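> The structure under discussion is supplied below as structure tokens; questions concerning it will follow.
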Amino acid sequence: MGSVEVHTVADDEVVLFEDHDWTRVEGLEPDHEYTVLGETFRTLPRPPGQRLATFATVNDVHFGEVECGLIEGMEIGPVLRSEPGEPPYPDVMNQAAVQEIQAVIPAVDAVVAKGDLTTHGIVEEYQAFLDAYGPVFGTRLHHVRGNHDGYYGETFAADAPFSVDLPGVVLAVLDTVVPGSSGGQVTAESLEWLDDLGASADRQVLVFGHHHCWDPGSRTRSETYFGIRPDDSERLIDLFARRPRLTGYFAGHTHRNRVRRFPQTGDVPFVEVACVKDFPGAWAEYRVFEGGVLQIHRRISAPDALAWSERCRALFGGLYPQYAFGQLADRCFPIWPRRPV
């Protein structure tokens, strides 16, 4: 047996995994320390006021992918595939994600898919995404493209920026794709749109895009940066600094759980959430209260999905879990309102 890992803490529960087994303990008190299965953790503080809404996000679902562990220019191995006779692993992971969102949040208010809906950027793969998520979530499903979706000239899922109004929060969705490129951008038009939204909003605004921000404190500055271009990242971060209604930016793309905070924006989290398609096989739940929002990481735990994601621990010479999993504070944390300046 492997070691016990705390994958999820909320304000009222914990979920721990050990290989293919998992344990969920509910009914806990907020902001309290507990020890379960030998692991000590602290539940999240519960924001004040009533719970107003709950929504979910997924990213990097990669319909159409058949080989896992390939990065151009890196031949570390292993490369994993579904076994003969098994359904494609993106189908397994996404079907399980859909079922678990339904089970955990029966009355989910919205589901946001943050790009890389496809692997080869073709319409058939995009239709597979719609067929998996659309019939279940209907008009509550909102999605935007990622770099894989824009590699070869197709323009589906390219209608951002757009906003989704929920009780207690506004979801602002940006298109960060540079067609034909793995890197990202935020256009002047998108920044102007977000600036107007931040100026007029009467509640917290959470911003979503496929690509993550470049760190203004980085020692290197490359126009071929894997995430949002440095100039555009600086403009986006400056906009967050100027508009206190903007309280978090949430990306995919890197297939990892990570939170960064920048001096210009204080406690505002700039977040990356791990992918659906491989280890740890994740989606994120957001609980919206009158006085703040909680991000709660969810590992897909259906038996066939868990078996696949456990296989993926071996990726990149066994180093992938160290990269993708992140710390507990990268997965589960509060997002607080900011005071107007």
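Just so we're on the same page: first chain in the structure tokens is A, next is B, and so on; residues restart at 1 for each chain, and ligands are numbered from 1 in the order they show up.
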Quick one: residues within 12 Å of A:Ile237, only C-alpha atoms, excluding same-chain residues fewer than 6 positions away - as a PyMOL selection string?

chain A and resi 186+191+194-195+207+212-217+228+230-231+243-244+246-249+260-266+268-270

> Using only C-alpha atoms, I'd like a table of the residues in stretch 27-62 of chain A that come within 12 Å of stretch 90-93 of chain A; for each, show the closest atom pair and its distance in Å rounded to one decimal, ordered by chain and ascending number, as a Markdown table.


| residue | atom | partner | partner_atom | distance |
| --- | --- | --- | --- | --- |
| A:Val58 | CA | A:Met93 | CA | 11.1 |
| A:Asn59 | CA | A:Met93 | CA | 11.7 |
| A:Asp60 | CA | A:Pro90 | CA | 9.8 |
| A:Val61 | CA | A:Pro90 | CA | 6.6 |
| A:His62 | CA | A:Pro90 | CA | 6.4 |

> Those same residues, written as a PDB file, in the first residue's frame with N, CA and C atoms?


ATOM      1  N   VAL A  58     -13.707  22.570 -15.049  1.00  0.00           N
ATOM      2  CA  VAL A  58     -12.823  21.527 -15.566  1.00  0.00           C
ATOM      3  C   VAL A  58     -11.886  22.195 -16.565  1.00  0.00           C
ATOM      4  N   ASN A  59     -10.763  21.546 -16.843  1.00  0.00           N
ATOM      5  CA  ASN A  59      -9.869  22.035 -17.888  1.00  0.00           C
ATOM      6  C   ASN A  59      -8.980  20.906 -18.383  1.00  0.00           C
ATOM      7  N   ASP A  60      -8.466  21.104 -19.592  1.00  0.00           N
ATOM      8  CA  ASP A  60      -7.561  20.135 -20.208  1.00  0.00           C
ATOM      9  C   ASP A  60      -8.191  18.749 -20.222  1.00  0.00           C
ATOM     10  N   VAL A  61      -9.361  18.696 -20.856  1.00  0.00           N
ATOM     11  CA  VAL A  61     -10.099  17.436 -20.931  1.00  0.00           C
ATOM     12  C   VAL A  61      -9.616  16.574 -22.100  1.00  0.00           C
ATOM     13  N   HIS A  62      -9.117  17.199 -23.153  1.00  0.00           N
ATOM     14  CA  HIS A  62      -8.349  16.550 -24.231  1.00  0.00           C
ATOM     15  C   HIS A  62      -9.066  15.375 -24.894  1.00  0.00           C
TER      16      HIS A  62
END

> Enter the distance from atom CA of A:Asp196 to atom CA of A:Gly292, in Å, rounded to one decimal.

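According to the coordinates, atom CA of A:Asp196 and atom CA of A:Gly292 are separated by 21.8 Å.
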
> Within 7 Å of A:Val4, counting only C-alpha atoms, which residues show up once you throw out same-chain ones fewer than 2 positions away? Write them as a PyMOL selection string, please.

chain A and resi 2+6+16-18

> Could the residues in this selection be written to a file with C-alpha atoms, as a short mmCIF file (atom, residue, chain, number, x, y, z; two decimals), in the first residue's frame?


data_model
loop_
_atom_site.label_atom_id
_atom_site.label_comp_id
_atom_site.auth_asym_id
_atom_site.auth_seq_id
_atom_site.Cartn_x
_atom_site.Cartn_y
_atom_site.Cartn_z
CA GLY A 2 1.10 3.58 -0.64
CA VAL A 6 -4.98 14.45 1.91
CA LEU A 16 -7.99 11.17 1.68
CA PHE A 17 -6.57 8.71 -0.87
CA GLU A 18 -4.35 5.66 -0.51
#

> Could you check the closest approach to A:Arg51 for each of A:Arg242, A:Arg338, A:Arg287, A:Arg298 and tell me which residue wins, using only C-alpha atoms?

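Using only C-alpha atoms, A:Arg51 sits closest to A:Arg287.
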
> Using only C-alpha atoms, which residue out of A:Ala132, A:Leu80, A:Val169, A:Leu37 lies closest to A:Glu310?

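That would be A:Leu80, the residue with the smallest distance to A:Glu310.
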
> Take atom CA of A:His143 and atom CA of A:Ala201 and report the distance between them in Å, one decimal.

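Going from atom CA of A:His143 over to atom CA of A:Ala201 covers 21.5 Å.
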
> Between A:Tyr323, A:Tyr126, A:Tyr151, A:Phe55, which residue has the minimum interatomic distance to A:Val288, considering only C-alpha atoms?

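With only C-alpha atoms as the atom set, the closest residue is A:Phe55.
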
> Using only C-alpha atoms, which protein or nucleic acid residues come within 8 Å of stretch 103-119 of chain A? Drop anything in the same chain fewer than 3 positions from it, and give the result as number ranges by chain.

A: 53-65, 99-100, 122, 125-126, 129, 137, 140-149, 166, 208-210, 251-253

> So that I have them on file, write out the residues from the current selection with N, CA, C and O atoms, as a short mmCIF file (atom, residue, chain, number, x, y, z; two decimals), in the first residue's frame.


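Wrote it out as selection-v1.cif, contents follow:
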data_model
loop_
_atom_site.label_atom_id
_atom_site.label_comp_id
_atom_site.auth_asym_id
_atom_site.auth_seq_id
_atom_site.Cartn_x
_atom_site.Cartn_y
_atom_site.Cartn_z
N ALA A 53 -24.34 30.20 -3.93
CA ALA A 53 -24.23 29.49 -5.20
C ALA A 53 -23.08 28.50 -5.10
O ALA A 53 -22.22 28.60 -4.22
N THR A 54 -23.08 27.54 -6.04
CA THR A 54 -21.98 26.59 -6.16
C THR A 54 -21.77 26.30 -7.64
O THR A 54 -22.73 26.02 -8.37
N PHE A 55 -20.52 26.38 -8.08
CA PHE A 55 -20.23 26.06 -9.47
C PHE A 55 -18.97 25.21 -9.54
O PHE A 55 -18.28 25.01 -8.54
N ALA A 56 -18.70 24.68 -10.73
CA ALA A 56 -17.57 23.78 -10.93
C ALA A 56 -16.79 24.21 -12.16
O ALA A 56 -17.32 24.86 -13.07
N THR A 57 -15.50 23.83 -12.20
CA THR A 57 -14.70 24.02 -13.40
C THR A 57 -13.97 22.73 -13.75
O THR A 57 -13.65 21.92 -12.88
N VAL A 58 -13.71 22.57 -15.05
CA VAL A 58 -12.82 21.53 -15.57
C VAL A 58 -11.89 22.19 -16.56
O VAL A 58 -12.16 23.27 -17.09
N ASN A 59 -10.76 21.55 -16.84
CA ASN A 59 -9.87 22.04 -17.89
C ASN A 59 -8.98 20.91 -18.38
O ASN A 59 -8.81 19.89 -17.71
N ASP A 60 -8.47 21.10 -19.59
CA ASP A 60 -7.56 20.14 -20.21
C ASP A 60 -8.19 18.75 -20.22
O ASP A 60 -7.64 17.78 -19.71
N VAL A 61 -9.36 18.70 -20.86
CA VAL A 61 -10.10 17.44 -20.93
C VAL A 61 -9.62 16.57 -22.10
O VAL A 61 -9.74 15.36 -22.07
N HIS A 62 -9.12 17.20 -23.15
CA HIS A 62 -8.35 16.55 -24.23
C HIS A 62 -9.07 15.37 -24.89
O HIS A 62 -8.50 14.28 -25.02
N PHE A 63 -10.29 15.59 -25.34
CA PHE A 63 -10.95 14.56 -26.14
C PHE A 63 -10.10 14.29 -27.39
O PHE A 63 -9.59 15.20 -28.02
N GLY A 64 -9.97 13.02 -27.73
CA GLY A 64 -9.19 12.62 -28.90
C GLY A 64 -7.77 12.20 -28.61
O GLY A 64 -7.10 11.63 -29.48
N GLU A 65 -7.28 12.42 -27.40
CA GLU A 65 -5.91 12.03 -27.08
C GLU A 65 -5.82 10.52 -26.92
O GLU A 65 -6.69 9.89 -26.31
N GLN A 99 -20.22 12.73 -13.92
CA GLN A 99 -21.01 12.03 -12.92
C GLN A 99 -20.73 12.54 -11.51
O GLN A 99 -21.65 12.69 -10.70
N GLU A 100 -19.46 12.83 -11.23
CA GLU A 100 -19.11 13.28 -9.88
C GLU A 100 -19.57 14.71 -9.62
O GLU A 100 -19.98 15.03 -8.50
N ILE A 122 -9.92 19.55 -33.75
CA ILE A 122 -10.84 19.24 -34.85
C ILE A 122 -12.27 19.21 -34.32
O ILE A 122 -12.52 18.98 -33.14
N GLU A 125 -13.69 16.16 -32.31
CA GLU A 125 -13.31 16.11 -30.90
C GLU A 125 -14.10 17.11 -30.08
O GLU A 125 -14.51 16.83 -28.94
N TYR A 126 -14.32 18.28 -30.65
CA TYR A 126 -15.15 19.29 -29.96
C TYR A 126 -16.56 18.77 -29.75
O TYR A 126 -17.16 18.96 -28.69
N PHE A 129 -16.70 16.54 -26.80
CA PHE A 129 -16.81 17.32 -25.56
C PHE A 129 -18.25 17.76 -25.32
O PHE A 129 -18.80 17.59 -24.22
N PHE A 137 -25.51 19.30 -18.45
CA PHE A 137 -25.51 20.62 -17.83
C PHE A 137 -26.24 21.68 -18.66
O PHE A 137 -26.55 22.75 -18.13
N ARG A 140 -26.21 25.61 -18.37
CA ARG A 140 -25.28 25.90 -17.27
C ARG A 140 -23.83 25.66 -17.68
O ARG A 140 -22.92 26.01 -16.93
N LEU A 141 -23.60 25.04 -18.83
CA LEU A 141 -22.25 24.79 -19.32
C LEU A 141 -21.74 26.00 -20.08
O LEU A 141 -22.38 26.50 -21.00
N HIS A 142 -20.55 26.47 -19.70
CA HIS A 142 -19.89 27.60 -20.35
C HIS A 142 -18.46 27.17 -20.64
O HIS A 142 -17.78 26.61 -19.77
N HIS A 143 -17.98 27.43 -21.85
CA HIS A 143 -16.66 26.92 -22.20
C HIS A 143 -15.92 27.87 -23.12
O HIS A 143 -16.53 28.71 -23.81
N VAL A 144 -14.61 27.74 -23.10
CA VAL A 144 -13.73 28.58 -23.91
C VAL A 144 -12.59 27.71 -24.42
O VAL A 144 -12.24 26.69 -23.81
N ARG A 145 -12.01 28.11 -25.51
CA ARG A 145 -10.96 27.29 -26.12
C ARG A 145 -9.63 27.42 -25.39
O ARG A 145 -9.38 28.38 -24.67
N GLY A 146 -8.75 26.42 -25.63
CA GLY A 146 -7.37 26.46 -25.22
C GLY A 146 -6.46 26.36 -26.43
O GLY A 146 -6.93 26.33 -27.58
N ASN A 147 -5.16 26.30 -26.19
CA ASN A 147 -4.23 26.30 -27.31
C ASN A 147 -4.44 25.09 -28.24
O ASN A 147 -4.34 25.22 -29.47
N HIS A 148 -4.75 23.91 -27.68
CA HIS A 148 -4.98 22.75 -28.54
C HIS A 148 -6.18 22.97 -29.46
O HIS A 148 -6.18 22.48 -30.60
N ASP A 149 -7.15 23.70 -29.01
CA ASP A 149 -8.36 23.92 -29.80
C ASP A 149 -8.11 24.91 -30.95
O ASP A 149 -8.87 24.93 -31.92
N LEU A 166 -23.92 34.94 -11.28
CA LEU A 166 -24.47 34.02 -10.29
C LEU A 166 -24.71 34.80 -9.00
O LEU A 166 -24.10 35.86 -8.79
N PHE A 208 -11.52 33.70 -15.50
CA PHE A 208 -11.10 32.39 -15.97
C PHE A 208 -10.54 32.50 -17.39
O PHE A 208 -11.09 33.19 -18.23
N GLY A 209 -9.46 31.80 -17.63
CA GLY A 209 -8.87 31.68 -18.96
C GLY A 209 -8.07 30.40 -19.02
O GLY A 209 -7.82 29.75 -18.01
N HIS A 210 -7.64 30.04 -20.22
CA HIS A 210 -6.88 28.79 -20.34
C HIS A 210 -5.44 28.95 -19.85
O HIS A 210 -4.92 28.09 -19.12
N ALA A 251 -6.70 29.42 -14.18
CA ALA A 251 -6.27 28.89 -15.47
C ALA A 251 -6.17 27.38 -15.42
O ALA A 251 -6.33 26.73 -14.37
N GLY A 252 -5.89 26.80 -16.58
CA GLY A 252 -5.52 25.40 -16.71
C GLY A 252 -4.15 25.34 -17.35
O GLY A 252 -3.19 25.90 -16.86
N HIS A 253 -4.04 24.63 -18.49
CA HIS A 253 -2.88 24.66 -19.39
C HIS A 253 -1.66 23.93 -18.87
O HIS A 253 -1.04 23.16 -19.60
#

> Using only C-alpha atoms, pick whichever of A:Ala241, A:Glu192, A:Gly184, A:Val136 has the shortest atom-to-atom distance to A:Gly227.

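When distances to A:Gly227 are compared using only C-alpha atoms, the smallest one comes from A:Gly184.
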
> Report the distance between atom CA of A:Ala302 and atom CA of A:Arg46 in Å, rounded to one decimal place.

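These atoms are spaced 28.0 Å apart.
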
> Tell me, as a list in words, which residues lie within 6 Å of A:Thr43, counting only C-alpha atoms; anything in the same chain fewer than 6 positions away does not count.

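The contact residues come out as Val9, Ala10, Asp11, Pro30, Asp31 and His32 of chain A.
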
> List as a list of chain:residue names the protein and nucleic acid residues near A:Gly150, meaning an atom at most 9 Å away when only C-alpha atoms are counted, but skip any in the same chain fewer than 2 places from it.

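The residues satisfying every condition are A:Asp116, A:His120, A:Gly121, A:Arg145, A:Gly146, A:Asn147, A:His148, A:Tyr152, A:Gly153, A:Glu154, A:Thr155, A:Phe156, A:Ala158, A:Val177, A:Val178, A:Pro179, A:Gly180, A:Ser181.
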
> Could those selected residues go to a file with C-alpha atoms, as an mmCIF file, in the first residue's frame?


data_model
loop_
_atom_site.group_PDB
_atom_site.id
_atom_site.type_symbol
_atom_site.label_atom_id
_atom_site.label_comp_id
_atom_site.auth_asym_id
_atom_site.auth_seq_id
_atom_site.Cartn_x
_atom_site.Cartn_y
_atom_site.Cartn_z
ATOM 1 C CA ASP A 116 -8.092 22.274 -24.297
ATOM 2 C CA HIS A 120 -5.997 17.986 -32.328
ATOM 3 C CA GLY A 121 -8.324 20.974 -32.602
ATOM 4 C CA ARG A 145 -10.965 27.286 -26.118
ATOM 5 C CA GLY A 146 -7.365 26.461 -25.217
ATOM 6 C CA ASN A 147 -4.233 26.297 -27.313
ATOM 7 C CA HIS A 148 -4.983 22.749 -28.540
ATOM 8 C CA TYR A 152 -5.043 24.281 -36.749
ATOM 9 C CA GLY A 153 -7.333 27.126 -37.658
ATOM 10 C CA GLU A 154 -10.701 26.085 -36.232
ATOM 11 C CA THR A 155 -12.595 28.802 -34.380
ATOM 12 C CA PHE A 156 -15.020 26.876 -32.167
ATOM 13 C CA ALA A 158 -13.948 31.377 -29.446
ATOM 14 C CA VAL A 177 -5.454 31.703 -27.270
ATOM 15 C CA VAL A 178 -2.904 32.771 -29.869
ATOM 16 C CA PRO A 179 -4.009 30.671 -32.870
ATOM 17 C CA GLY A 180 -1.310 28.206 -33.887
ATOM 18 C CA SER A 181 0.744 28.765 -30.733
#

> Neighbouring residues of A:Asp202 were defined as those with any atom within 9 Å, considering only C-alpha atoms; residues of the same chain fewer than 4 positions away were excluded. Please report them as number ranges by chain.

A: 168-170, 198, 245

> Go through stretch 48-128 of chain A and collect every residue that DSSP, computed from the backbone, puts in alpha helix (DSSP H); the answer should be as number ranges by chain.

A: 89-104, 123-128

> Hey, can you spit out that residue selection with N, CA, C and O atoms as a PDB file, in the first residue's frame?


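That gives us out.pdb:
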ATOM      1  N   TYR A  89      -8.999   6.791 -22.626  1.00  0.00           N
ATOM      2  CA  TYR A  89      -8.929   7.327 -21.270  1.00  0.00           C
ATOM      3  C   TYR A  89      -9.538   8.725 -21.134  1.00  0.00           C
ATOM      4  O   TYR A  89     -10.104   9.031 -20.076  1.00  0.00           O
ATOM      5  N   PRO A  90      -9.498   9.625 -22.162  1.00  0.00           N
ATOM      6  CA  PRO A  90     -10.224  10.881 -21.972  1.00  0.00           C
ATOM      7  C   PRO A  90     -11.726  10.679 -21.776  1.00  0.00           C
ATOM      8  O   PRO A  90     -12.371  11.408 -21.021  1.00  0.00           O
ATOM      9  N   ASP A  91     -12.290   9.671 -22.462  1.00  0.00           N
ATOM     10  CA  ASP A  91     -13.714   9.379 -22.277  1.00  0.00           C
ATOM     11  C   ASP A  91     -13.980   8.903 -20.852  1.00  0.00           C
ATOM     12  O   ASP A  91     -14.957   9.323 -20.202  1.00  0.00           O
ATOM     13  N   VAL A  92     -13.116   8.017 -20.349  1.00  0.00           N
ATOM     14  CA  VAL A  92     -13.276   7.496 -18.990  1.00  0.00           C
ATOM     15  C   VAL A  92     -13.224   8.632 -17.972  1.00  0.00           C
ATOM     16  O   VAL A  92     -14.088   8.746 -17.082  1.00  0.00           O
ATOM     17  N   MET A  93     -12.213   9.492 -18.094  1.00  0.00           N
ATOM     18  CA  MET A  93     -12.017  10.548 -17.109  1.00  0.00           C
ATOM     19  C   MET A  93     -13.132  11.588 -17.172  1.00  0.00           C
ATOM     20  O   MET A  93     -13.624  12.056 -16.131  1.00  0.00           O
ATOM     21  N   ASN A  94     -13.541  11.958 -18.356  1.00  0.00           N
ATOM     22  CA  ASN A  94     -14.567  12.996 -18.472  1.00  0.00           C
ATOM     23  C   ASN A  94     -15.951  12.496 -18.091  1.00  0.00           C
ATOM     24  O   ASN A  94     -16.722  13.222 -17.451  1.00  0.00           O
ATOM     25  N   GLN A  95     -16.275  11.262 -18.456  1.00  0.00           N
ATOM     26  CA  GLN A  95     -17.564  10.718 -18.032  1.00  0.00           C
ATOM     27  C   GLN A  95     -17.639  10.644 -16.511  1.00  0.00           C
ATOM     28  O   GLN A  95     -18.679  10.957 -15.910  1.00  0.00           O
ATOM     29  N   ALA A  96     -16.524  10.256 -15.887  1.00  0.00           N
ATOM     30  CA  ALA A  96     -16.507  10.198 -14.428  1.00  0.00           C
ATOM     31  C   ALA A  96     -16.588  11.601 -13.827  1.00  0.00           C
ATOM     32  O   ALA A  96     -17.255  11.798 -12.800  1.00  0.00           O
ATOM     33  N   ALA A  97     -15.930  12.571 -14.436  1.00  0.00           N
ATOM     34  CA  ALA A  97     -16.007  13.948 -13.931  1.00  0.00           C
ATOM     35  C   ALA A  97     -17.436  14.464 -13.978  1.00  0.00           C
ATOM     36  O   ALA A  97     -17.924  15.071 -13.016  1.00  0.00           O
ATOM     37  N   VAL A  98     -18.115  14.227 -15.091  1.00  0.00           N
ATOM     38  CA  VAL A  98     -19.513  14.667 -15.222  1.00  0.00           C
ATOM     39  C   VAL A  98     -20.373  14.033 -14.131  1.00  0.00           C
ATOM     40  O   VAL A  98     -21.176  14.710 -13.461  1.00  0.00           O
ATOM     41  N   GLN A  99     -20.215  12.729 -13.921  1.00  0.00           N
ATOM     42  CA  GLN A  99     -21.015  12.026 -12.918  1.00  0.00           C
ATOM     43  C   GLN A  99     -20.729  12.540 -11.513  1.00  0.00           C
ATOM     44  O   GLN A  99     -21.649  12.689 -10.695  1.00  0.00           O
ATOM     45  N   GLU A 100     -19.457  12.834 -11.233  1.00  0.00           N
ATOM     46  CA  GLU A 100     -19.113  13.281  -9.881  1.00  0.00           C
ATOM     47  C   GLU A 100     -19.569  14.710  -9.621  1.00  0.00           C
ATOM     48  O   GLU A 100     -19.977  15.033  -8.501  1.00  0.00           O
ATOM     49  N   ILE A 101     -19.502  15.567 -10.622  1.00  0.00           N
ATOM     50  CA  ILE A 101     -20.050  16.915 -10.430  1.00  0.00           C
ATOM     51  C   ILE A 101     -21.539  16.814 -10.101  1.00  0.00           C
ATOM     52  O   ILE A 101     -22.033  17.488  -9.190  1.00  0.00           O
ATOM     53  N   GLN A 102     -22.254  15.966 -10.827  1.00  0.00           N
ATOM     54  CA  GLN A 102     -23.671  15.761 -10.538  1.00  0.00           C
ATOM     55  C   GLN A 102     -23.889  15.251  -9.124  1.00  0.00           C
ATOM     56  O   GLN A 102     -24.825  15.672  -8.439  1.00  0.00           O
ATOM     57  N   ALA A 103     -23.035  14.321  -8.677  1.00  0.00           N
ATOM     58  CA  ALA A 103     -23.233  13.704  -7.368  1.00  0.00           C
ATOM     59  C   ALA A 103     -22.866  14.647  -6.232  1.00  0.00           C
ATOM     60  O   ALA A 103     -23.566  14.712  -5.212  1.00  0.00           O
ATOM     61  N   VAL A 104     -21.772  15.388  -6.396  1.00  0.00           N
ATOM     62  CA  VAL A 104     -21.300  16.270  -5.330  1.00  0.00           C
ATOM     63  C   VAL A 104     -22.105  17.564  -5.283  1.00  0.00           C
ATOM     64  O   VAL A 104     -22.383  18.104  -4.208  1.00  0.00           O
ATOM     65  N   VAL A 123     -13.193  19.433 -35.240  1.00  0.00           N
ATOM     66  CA  VAL A 123     -14.599  19.587 -34.874  1.00  0.00           C
ATOM     67  C   VAL A 123     -15.152  18.315 -34.243  1.00  0.00           C
ATOM     68  O   VAL A 123     -15.964  18.377 -33.312  1.00  0.00           O
ATOM     69  N   GLU A 124     -14.718  17.143 -34.717  1.00  0.00           N
ATOM     70  CA  GLU A 124     -15.229  15.884 -34.174  1.00  0.00           C
ATOM     71  C   GLU A 124     -14.885  15.746 -32.694  1.00  0.00           C
ATOM     72  O   GLU A 124     -15.695  15.259 -31.894  1.00  0.00           O
ATOM     73  N   GLU A 125     -13.692  16.160 -32.309  1.00  0.00           N
ATOM     74  CA  GLU A 125     -13.307  16.106 -30.895  1.00  0.00           C
ATOM     75  C   GLU A 125     -14.102  17.108 -30.077  1.00  0.00           C
ATOM     76  O   GLU A 125     -14.508  16.826 -28.937  1.00  0.00           O
ATOM     77  N   TYR A 126     -14.324  18.283 -30.646  1.00  0.00           N
ATOM     78  CA  TYR A 126     -15.145  19.286 -29.963  1.00  0.00           C
ATOM     79  C   TYR A 126     -16.563  18.770 -29.754  1.00  0.00           C
ATOM     80  O   TYR A 126     -17.160  18.957 -28.690  1.00  0.00           O
ATOM     81  N   GLN A 127     -17.092  18.077 -30.750  1.00  0.00           N
ATOM     82  CA  GLN A 127     -18.437  17.508 -30.614  1.00  0.00           C
ATOM     83  C   GLN A 127     -18.470  16.459 -29.521  1.00  0.00           C
ATOM     84  O   GLN A 127     -19.469  16.343 -28.792  1.00  0.00           O
ATOM     85  N   ALA A 128     -17.371  15.697 -29.369  1.00  0.00           N
ATOM     86  CA  ALA A 128     -17.309  14.704 -28.287  1.00  0.00           C
ATOM     87  C   ALA A 128     -17.372  15.390 -26.928  1.00  0.00           C
ATOM     88  O   ALA A 128     -18.023  14.884 -25.993  1.00  0.00           O
TER      89      ALA A 128
END

> So, with only C-alpha atoms as the atoms that count, which of A:Pro337, A:Pro321, A:Pro280, A:Pro135 lies closest to A:Thr8?

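Distance minimum relative to A:Thr8 lands on A:Pro280.
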
> Apply DSSP to the backbone of this structure and, from stretch 96-322 of chain A, keep only the residues in strand (DSSP E or B); write these as a ChimeraX atom specification.

/A:110-114,118,141-144,162-166,169-173,177,184,204-208,228,246-251,258-260,270-272,282-289,292-299

> Which one is closest to A:Leu44: A:Asp21, A:Arg81, A:Leu206, A:Phe333? Count only C-alpha atoms.

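Counting only C-alpha atoms, the residue closest to A:Leu44 is A:Phe333.
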